[in-house]
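Okay, work-v7.csv is below, CSV, C-alpha atoms:
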chain,number,residue,atom,x,y,z
M,1,MET,CA,0.0,0.0,0.0
M,2,ALA,CA,2.8,2.4,0.9
M,3,ARG,CA,4.3,1.9,-2.6
M,4,GLN,CA,1.0,2.7,-4.2
M,5,ILE,CA,0.7,5.9,-2.2
M,6,TYR,CA,4.2,7.0,-3.2
M,7,GLN,CA,3.5,6.2,-6.8
M,8,ALA,CA,0.2,8.1,-6.6
M,9,ILE,CA,2.0,11.2,-5.2
M,10,VAL,CA,4.6,11.1,-8.0
M,11,ASP,CA,1.9,10.6,-10.6
M,12,GLY,CA,-0.2,13.4,-9.2
M,13,ILE,CA,2.7,15.9,-9.2
M,14,LEU,CA,3.6,15.1,-12.8
M,15,VAL,CA,0.0,15.2,-14.0
M,16,GLY,CA,-0.4,18.5,-12.1
M,17,GLY,CA,2.4,19.9,-14.3
M,18,VAL,CA,0.2,19.2,-17.4
M,19,TYR,CA,-2.8,21.0,-15.9
M,20,ALA,CA,-0.6,23.9,-14.9
M,21,LEU,CA,0.3,24.3,-18.5
M,22,MET,CA,-3.4,24.8,-19.3
M,23,ALA,CA,-4.2,26.9,-16.2
M,24,VAL,CA,-1.4,29.4,-16.4
M,25,GLY,CA,-2.8,31.2,-19.4
M,26,LEU,CA,-6.3,31.4,-17.9
M,27,THR,CA,-5.0,33.0,-14.7
M,28,LEU,CA,-2.7,35.4,-16.6
M,29,ILE,CA,-5.7,36.7,-18.7
M,30,PHE,CA,-7.8,37.2,-15.5
M,31,GLY,CA,-4.9,38.9,-13.7
M,32,VAL,CA,-4.4,41.5,-16.4
M,33,LEU,CA,-7.8,41.9,-18.1
M,34,ASP,CA,-10.1,41.0,-15.1
M,35,ILE,CA,-12.1,38.5,-17.3
M,36,ILE,CA,-12.5,34.8,-17.2
M,37,ASN,CA,-12.0,33.2,-20.6
M,38,ILE,CA,-14.6,30.5,-20.7
M,39,ALA,CA,-13.2,29.5,-24.1
M,40,GLN,CA,-9.9,28.4,-22.6
M,41,GLY,CA,-10.9,24.7,-22.4
M,42,VAL,CA,-11.8,24.5,-26.1
M,43,LEU,CA,-8.7,26.5,-27.0
M,44,VAL,CA,-6.6,23.8,-25.3
M,45,ILE,CA,-8.4,21.2,-27.5
M,46,LEU,CA,-7.7,23.4,-30.5
M,47,GLY,CA,-4.0,23.4,-29.6
M,48,ALA,CA,-4.2,19.6,-29.4
M,49,TYR,CA,-5.7,19.4,-32.9
M,50,LEU,CA,-3.0,21.7,-34.3
M,51,SER,CA,-0.3,19.4,-32.8
M,52,TYR,CA,-2.2,16.4,-34.3
M,53,GLU,CA,-2.1,18.0,-37.7
M,54,LEU,CA,1.6,18.7,-37.6
M,55,SER,CA,2.4,15.2,-36.2
M,56,VAL,CA,0.2,13.3,-38.7
M,57,ARG,CA,0.5,15.4,-41.8
M,58,ILE,CA,4.2,16.3,-41.8
M,59,HIS,CA,5.5,14.0,-39.0
M,60,LEU,CA,6.9,16.8,-36.9
M,61,ASP,CA,7.9,16.0,-33.4
M,62,LEU,CA,5.3,17.1,-30.8
M,63,PHE,CA,7.7,19.4,-28.9
M,64,LEU,CA,9.2,20.9,-32.1
M,65,GLY,CA,5.7,21.5,-33.3
M,66,LEU,CA,5.2,23.9,-30.4
M,67,LEU,CA,7.2,26.4,-32.3
M,68,VAL,CA,4.4,26.5,-34.8
M,69,THR,CA,1.4,26.0,-32.6
M,70,VAL,CA,2.4,28.5,-29.9
M,71,THR,CA,2.8,31.2,-32.6
M,72,ALA,CA,-0.5,30.2,-34.2
M,73,MET,CA,-2.4,30.2,-30.9
M,74,PHE,CA,-0.9,33.6,-30.0
M,75,VAL,CA,-2.2,35.1,-33.3
M,76,ILE,CA,-5.6,33.5,-32.6
M,77,GLY,CA,-5.7,35.0,-29.1
M,78,VAL,CA,-4.9,38.5,-30.4
M,79,VAL,CA,-7.6,38.2,-33.0
M,80,ILE,CA,-10.2,37.0,-30.4
M,81,GLN,CA,-9.3,39.9,-28.1
M,82,TRP,CA,-9.4,42.5,-31.0
M,83,ALA,CA,-12.5,41.2,-32.6
M,84,PHE,CA,-14.7,40.3,-29.6
M,85,ILE,CA,-13.4,41.6,-26.3
M,86,ARG,CA,-11.8,45.0,-27.0
M,87,ARG,CA,-15.1,46.6,-27.8
M,88,LEU,CA,-16.7,45.7,-24.5
M,89,ARG,CA,-16.9,48.6,-22.1
M,90,GLY,CA,-18.7,49.7,-19.0
M,91,ARG,CA,-19.9,48.2,-15.8
M,92,GLU,CA,-21.2,45.0,-17.5
M,93,ARG,CA,-17.9,44.2,-19.2
M,94,THR,CA,-17.0,41.3,-16.9
M,95,SER,CA,-20.3,39.5,-17.3
M,96,MET,CA,-20.5,40.2,-21.0
M,97,THR,CA,-17.0,38.7,-21.6
M,98,LEU,CA,-18.3,35.5,-20.1
M,99,LEU,CA,-21.0,35.3,-22.7
M,100,VAL,CA,-18.7,36.4,-25.5
M,101,THR,CA,-16.0,33.9,-24.7
M,102,TYR,CA,-18.6,31.2,-24.3
M,103,ALA,CA,-19.9,32.0,-27.8
M,104,VAL,CA,-16.3,31.8,-29.1
M,105,ALA,CA,-16.0,28.4,-27.5
M,106,LEU,CA,-19.1,27.2,-29.3
M,107,ILE,CA,-17.8,28.5,-32.6
M,108,ILE,CA,-14.5,26.8,-32.3
M,109,GLU,CA,-16.1,23.6,-31.1
M,110,GLY,CA,-18.5,23.6,-34.1
M,111,VAL,CA,-15.6,24.1,-36.5
M,112,LEU,CA,-13.6,21.3,-35.0
M,113,TYR,CA,-16.6,19.0,-35.1
M,114,GLU,CA,-17.2,19.7,-38.8
M,115,ILE,CA,-13.6,19.0,-39.6
M,116,TYR,CA,-12.8,16.1,-37.4
M,117,GLY,CA,-16.1,14.7,-36.3
M,118,PRO,CA,-16.9,13.1,-32.9
M,119,ASN,CA,-14.3,10.3,-33.0
M,120,PRO,CA,-11.5,10.7,-30.4
M,121,LYS,CA,-7.9,11.4,-31.4
M,122,GLN,CA,-4.7,11.0,-29.4
M,123,LEU,CA,-1.1,12.2,-30.1
M,124,ASN,CA,1.6,9.7,-30.4
M,125,ALA,CA,5.4,9.7,-30.2
M,126,SER,CA,8.1,7.3,-29.1
M,127,TYR,CA,8.3,8.9,-25.6
M,128,VAL,CA,4.5,9.0,-25.0
M,129,GLN,CA,4.3,5.3,-24.1
M,130,SER,CA,7.8,5.1,-22.6
M,131,SER,CA,8.8,5.4,-19.0
M,132,VAL,CA,12.0,5.4,-16.9
M,133,HIS,CA,12.5,3.4,-13.6
M,134,VAL,CA,13.9,5.7,-10.9
M,135,LEU,CA,14.2,4.7,-7.2
M,136,GLY,CA,11.5,2.1,-7.6
M,137,PHE,CA,9.1,4.3,-9.4
M,138,TYR,CA,8.0,4.3,-13.0
M,139,LEU,CA,8.1,7.8,-14.4
M,140,SER,CA,6.5,8.5,-17.8
M,141,TYR,CA,8.7,10.5,-20.1
M,142,ILE,CA,5.9,12.5,-21.5
M,143,TYR,CA,4.8,13.6,-18.0
M,144,LEU,CA,8.4,14.4,-17.0
M,145,TYR,CA,8.8,16.5,-20.1
M,146,GLY,CA,5.5,18.2,-19.4
M,147,PHE,CA,6.4,19.0,-15.8
M,148,VAL,CA,9.7,20.6,-16.9
M,149,LEU,CA,7.9,22.5,-19.6
M,150,ALA,CA,5.4,23.8,-17.1
M,151,LEU,CA,8.2,25.1,-14.8
M,152,ALA,CA,9.9,26.7,-17.8
M,153,LEU,CA,6.7,28.5,-18.9
M,154,VAL,CA,6.0,29.8,-15.4
M,155,VAL,CA,9.6,31.1,-15.1
M,156,ALA,CA,9.3,32.6,-18.6
M,157,ILE,CA,6.0,34.4,-17.8
M,158,TYR,CA,7.5,35.7,-14.5
M,159,ALA,CA,10.5,37.0,-16.5
M,160,LEU,CA,8.1,38.6,-19.0
M,161,LEU,CA,6.2,40.4,-16.2
M,162,TYR,CA,9.0,41.4,-14.0
M,163,ARG,CA,12.1,41.8,-16.2
M,164,THR,CA,10.8,43.5,-19.3
M,165,ARG,CA,9.5,46.9,-20.2
M,166,PHE,CA,6.3,45.3,-21.5
M,167,GLY,CA,5.9,43.5,-18.2
M,168,ARG,CA,6.0,46.9,-16.4
M,169,SER,CA,3.2,48.1,-18.7
M,170,VAL,CA,1.3,44.9,-17.9
M,171,ARG,CA,1.7,45.4,-14.1
M,172,ALA,CA,0.7,49.1,-14.3
M,173,THR,CA,-2.4,48.1,-16.3
M,174,MET,CA,-3.3,45.5,-13.6
M,175,GLN,CA,-2.9,48.0,-10.8
M,176,ASP,CA,-4.8,51.0,-12.4
M,177,GLU,CA,-5.9,51.0,-16.0
M,178,THR,CA,-6.8,54.7,-16.0
M,179,ALA,CA,-3.5,55.8,-14.5
M,180,ALA,CA,-1.7,53.6,-17.0
M,181,ARG,CA,-3.4,55.4,-19.9
M,182,LEU,CA,-2.4,58.8,-18.4
M,183,ILE,CA,1.3,57.9,-18.4
M,184,GLY,CA,1.2,56.9,-22.0
M,185,ILE,CA,0.8,53.1,-21.9
M,186,ASP,CA,-1.1,51.7,-24.9
M,187,VAL,CA,-3.6,49.7,-22.8
M,188,ASN,CA,-5.3,48.2,-25.8
M,189,ARG,CA,-2.0,46.8,-27.1
M,190,VAL,CA,-1.2,45.4,-23.6
M,191,ALA,CA,-4.6,43.7,-23.4
M,192,ALA,CA,-4.2,42.2,-26.9
M,193,VAL,CA,-0.7,40.9,-26.4
M,194,THR,CA,-1.5,39.6,-22.9
M,195,PHE,CA,-4.6,37.7,-24.2
M,196,GLY,CA,-2.4,36.4,-27.0
M,197,VAL,CA,0.2,35.1,-24.6
M,198,GLY,CA,-2.5,33.6,-22.4
M,199,VAL,CA,-3.9,31.7,-25.4
M,200,ALA,CA,-0.5,30.8,-26.7
M,201,VAL,CA,0.3,28.9,-23.5
M,202,THR,CA,-2.7,26.6,-24.3
M,203,ALA,CA,-0.8,25.3,-27.3
M,204,ALA,CA,1.7,23.6,-24.9
M,205,GLY,CA,-1.1,22.5,-22.6
M,206,GLY,CA,-3.1,21.1,-25.6
M,207,MET,CA,-0.2,19.2,-26.9
M,208,MET,CA,0.4,17.6,-23.5
M,209,PHE,CA,-3.3,16.9,-22.9
M,210,GLY,CA,-3.6,15.3,-26.4
M,211,ALA,CA,-0.5,13.1,-25.7
M,212,THR,CA,-1.8,11.8,-22.4
M,213,ASN,CA,-5.6,11.7,-23.1
M,214,ALA,CA,-7.9,10.9,-26.0
M,215,PHE,CA,-9.8,14.0,-27.0
M,216,ASN,CA,-12.6,15.2,-29.3
M,217,PRO,CA,-14.2,18.6,-29.9
M,218,ASN,CA,-16.3,18.2,-26.8
M,219,SER,CA,-13.4,17.6,-24.4
M,220,GLY,CA,-13.1,21.3,-23.5
M,221,TYR,CA,-16.1,21.2,-21.2
M,222,ASP,CA,-14.6,19.0,-18.5
M,223,LEU,CA,-11.3,20.9,-18.9
M,224,ILE,CA,-12.7,24.4,-18.2
M,225,SER,CA,-14.4,23.3,-15.0
M,226,ARG,CA,-11.2,21.8,-13.7
M,227,LEU,CA,-9.1,24.8,-14.8
M,228,LEU,CA,-11.4,27.3,-13.1
M,229,ALA,CA,-11.2,25.2,-9.9
M,230,ILE,CA,-7.4,25.3,-10.1
M,231,ILE,CA,-7.0,29.0,-10.7
M,232,ILE,CA,-9.6,29.9,-8.0
M,233,LEU,CA,-7.8,27.7,-5.5
M,234,GLY,CA,-4.4,29.1,-6.5
M,235,GLY,CA,-5.6,32.6,-6.3
M,236,LEU,CA,-7.1,34.4,-9.3
M,237,GLY,CA,-4.3,36.1,-11.2
M,238,SER,CA,-1.5,34.2,-9.5
M,239,ILE,CA,0.8,32.4,-12.0
M,240,GLY,CA,2.7,30.5,-9.3
M,241,GLY,CA,-0.6,29.8,-7.5
M,242,ALA,CA,-1.9,28.0,-10.7
M,243,LEU,CA,1.1,25.7,-10.6
M,244,VAL,CA,0.9,24.9,-6.9
M,245,ALA,CA,-2.9,24.4,-7.1
M,246,SER,CA,-2.5,22.1,-10.1
M,247,VAL,CA,0.0,19.9,-8.3
M,248,PHE,CA,-2.0,19.9,-5.1
M,249,MET,CA,-5.4,19.1,-6.7
M,250,LEU,CA,-4.1,16.4,-9.0
M,251,THR,CA,-2.0,14.8,-6.3
M,252,LEU,CA,-5.0,14.6,-4.0
M,253,GLU,CA,-7.1,13.1,-6.8
M,254,SER,CA,-4.4,10.6,-7.6
M,255,LEU,CA,-4.3,9.5,-3.9
M,256,VAL,CA,-8.1,9.1,-3.6
M,257,THR,CA,-8.1,7.0,-6.8
M,258,ILE,CA,-6.2,4.3,-4.9
M,259,TRP,CA,-9.2,3.7,-2.6
M,260,SER,CA,-12.1,4.8,-4.8
M,261,PRO,CA,-11.8,6.1,-8.4
M,262,GLU,CA,-15.5,7.0,-8.3
M,263,TRP,CA,-14.9,9.5,-5.4
M,264,ALA,CA,-11.8,11.0,-6.9
M,265,ILE,CA,-13.5,13.7,-8.9
M,266,VAL,CA,-15.8,14.5,-5.9
M,267,VAL,CA,-12.8,15.0,-3.7
M,268,PHE,CA,-11.2,17.2,-6.3
M,269,TYR,CA,-14.0,19.8,-6.0
M,270,ALA,CA,-14.6,19.2,-2.3
M,271,ALA,CA,-11.0,20.2,-1.6
M,272,LEU,CA,-11.7,23.5,-3.4
M,273,VAL,CA,-14.6,24.2,-1.1
M,274,VAL,CA,-12.7,23.3,2.0
M,275,VAL,CA,-9.7,25.4,1.2
M,276,LEU,CA,-11.8,28.5,0.2
M,277,VAL,CA,-13.7,28.3,3.4
M,278,ILE,CA,-10.4,28.6,5.3
M,279,ARG,CA,-8.8,30.9,2.8
M,280,PRO,CA,-11.3,32.6,0.5
M,281,ALA,CA,-8.6,34.2,-1.7
M,282,GLY,CA,-7.0,30.9,-2.4
M,283,PHE,CA,-3.4,29.9,-1.8
M,284,PHE,CA,-1.8,33.1,-3.2
M,285,GLY,CA,-4.7,35.3,-3.9
M,286,ARG,CA,-4.8,39.0,-2.9
M,287,GLN,CA,-7.3,41.8,-3.1
M,288,PRO,CA,-7.2,43.4,-6.5
M,289,VAL,CA,-6.4,47.1,-6.8
M,290,ARG,CA,-8.3,48.6,-9.7
M,291,ALA,CA,-9.8,51.8,-10.8
M,292,GLN,CA,-13.6,51.7,-11.0
Kindly return the structure encoded in the file as structure tokens.
Amino acid sequence: MARQIYQAIVDGILVGGVYALMAVGLTLIFGVLDIINIAQGVLVILGAYLSYELSVRIHLDLFLGLLVTVTAMFVIGVVIQWAFIRRLRGRERTSMTLLVTYAVALIIEGVLYEIYGPNPKQLNASYVQSSVHVLGFYLSYIYLYGFVLALALVVAIYALLYRTRFGRSVRATMQDETAARLIGIDVNRVAAVTFGVGVAVTAAGGMMFGATNAFNPNSGYDLISRLLAIIILGGLGSIGGALVASVFMLTLESLVTIWSPEWAIVVFYAALVVVLVIRPAGFFGRQPVRAQ
């Protein structure tokens, strides 16, 4: 039993890295734009399908394909922000963006369904089914690579936010959008690029999800509920919190699966409720400072 518990902890940590790849972009968008992108789940699936096309059509390695899919998803994110979200203004903006991003999710899902149909797909590569034996544990290469990729992306986003001029503009916009405009920051450009970065990250999350799970155009629905739970638990807008919450939630779910797979998903969301009762702002949440 002890061996099963240790293996479950290791598996949960590695799977948590995969979910962190998908959740980081969602919490970044909220932290800067103060909106929840309901389309994030289906955008992850879109990223998986893009990786599938590159892998099947031109036999490009999944990780090398990220050079293409990350760029493509960044452009898609900028277009979505410019075409649908930039025009929303006023007190109802937050609630309206929920409806708009939900509509975007339905459009993308419909297009994917028309192209690929309902049959599930899965990404394949030599390292997807391979594992390494370390200290008595079997570690899947794809999950190891995914966890390292998640850490790298979190560090990269932190560097973007705290070590670049653009990052200073982003943080100024987060603190007070009106003041940011007054000191000459192009708030519309910051919003578009930030949304693009938040969507671009889903390319990596989609590739990892597609390599470790079968997926179809409807797979985004379960994903968005889990991602929302993760970013709320980690603290809305906290990049590091998304990583910590992903590892915590997936490790807990993995442990519960040992005794009762049926209760694992229940415990996943029950843990969210318990933690928020104790700490309503989540692990690393803080009160937002915004101009009204």
- Please tell me which residues are no farther than 6 Å from (0.3, 53.8, -17.4) in the file, counting all atoms listed in the file, and write them as JSON, numbers by chain. {"M": [172, 179, 180, 181, 182, 183, 184, 185]}
Would you tabulate, counting all atoms listed in the file, all residues of region 83-111 of chain M that have an atom at most 12 Å from an atom of region 222-234 of chain M, showing the closest pair of atoms and their distance in Å to one decimal, sorted by chain then ascending number, as a tab-separated table?
residue	atom	partner	partner_atom	distance
M:Thr101	CA	M:Ile224	CA	12.0
M:Tyr102	CA	M:Ile224	CA	10.9
M:Ala105	CA	M:Ile224	CA	10.6
- Residues near Leu50 (chain M), cut-off 12 Å, only C-alpha atoms, skip fewer than 2 positions along chain, as a PyMOL selection string: chain M and resi 43-48+52-58+60+62+65-73+112+116+121-123+202-207+210
Would you mind listing what lies within 12 Å of region 276-287 of chain M as a CSV table (one decimal) with C-alpha atoms, keeping the file's coordinate frame, with only C-alpha atoms counted and same-chain residues fewer than 5 positions away left out?
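selection-v8.csv written:
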chain,number,residue,atom,x,y,z
M,27,THR,CA,-5.0,33.0,-14.7
M,31,GLY,CA,-4.9,38.9,-13.7
M,174,MET,CA,-3.3,45.5,-13.6
M,175,GLN,CA,-2.9,48.0,-10.8
M,229,ALA,CA,-11.2,25.2,-9.9
M,230,ILE,CA,-7.4,25.3,-10.1
M,231,ILE,CA,-7.0,29.0,-10.7
M,232,ILE,CA,-9.6,29.9,-8.0
M,233,LEU,CA,-7.8,27.7,-5.5
M,234,GLY,CA,-4.4,29.1,-6.5
M,235,GLY,CA,-5.6,32.6,-6.3
M,236,LEU,CA,-7.1,34.4,-9.3
M,237,GLY,CA,-4.3,36.1,-11.2
M,238,SER,CA,-1.5,34.2,-9.5
M,239,ILE,CA,0.8,32.4,-12.0
M,240,GLY,CA,2.7,30.5,-9.3
M,241,GLY,CA,-0.6,29.8,-7.5
M,242,ALA,CA,-1.9,28.0,-10.7
M,243,LEU,CA,1.1,25.7,-10.6
M,244,VAL,CA,0.9,24.9,-6.9
M,245,ALA,CA,-2.9,24.4,-7.1
M,246,SER,CA,-2.5,22.1,-10.1
M,248,PHE,CA,-2.0,19.9,-5.1
M,269,TYR,CA,-14.0,19.8,-6.0
M,270,ALA,CA,-14.6,19.2,-2.3
M,271,ALA,CA,-11.0,20.2,-1.6
- Item | Protein, DNA and RNA residues within 7 Å of (4.3, 6.6, -9.4), all atoms listed in the file, as a PyMOL selection string | chain M and resi 6-11+137-139
- Message: Restricting the calculation to all atoms listed in the file: of M:Leu144, M:Val187, M:Ala39, M:Val128, which residue gets closest to Gly25 (chain M)?
- Response: M:Ala39
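The closest residue to Val111 (chain M), picked from M:Val42, M:Ile142, M:Leu160, M:Ala152 and counting all atoms listed in the file, is M:Val42.
Here CA of Pro217 (chain M) and CA of Leu33 (chain M) stand 26.9 Å from one another.
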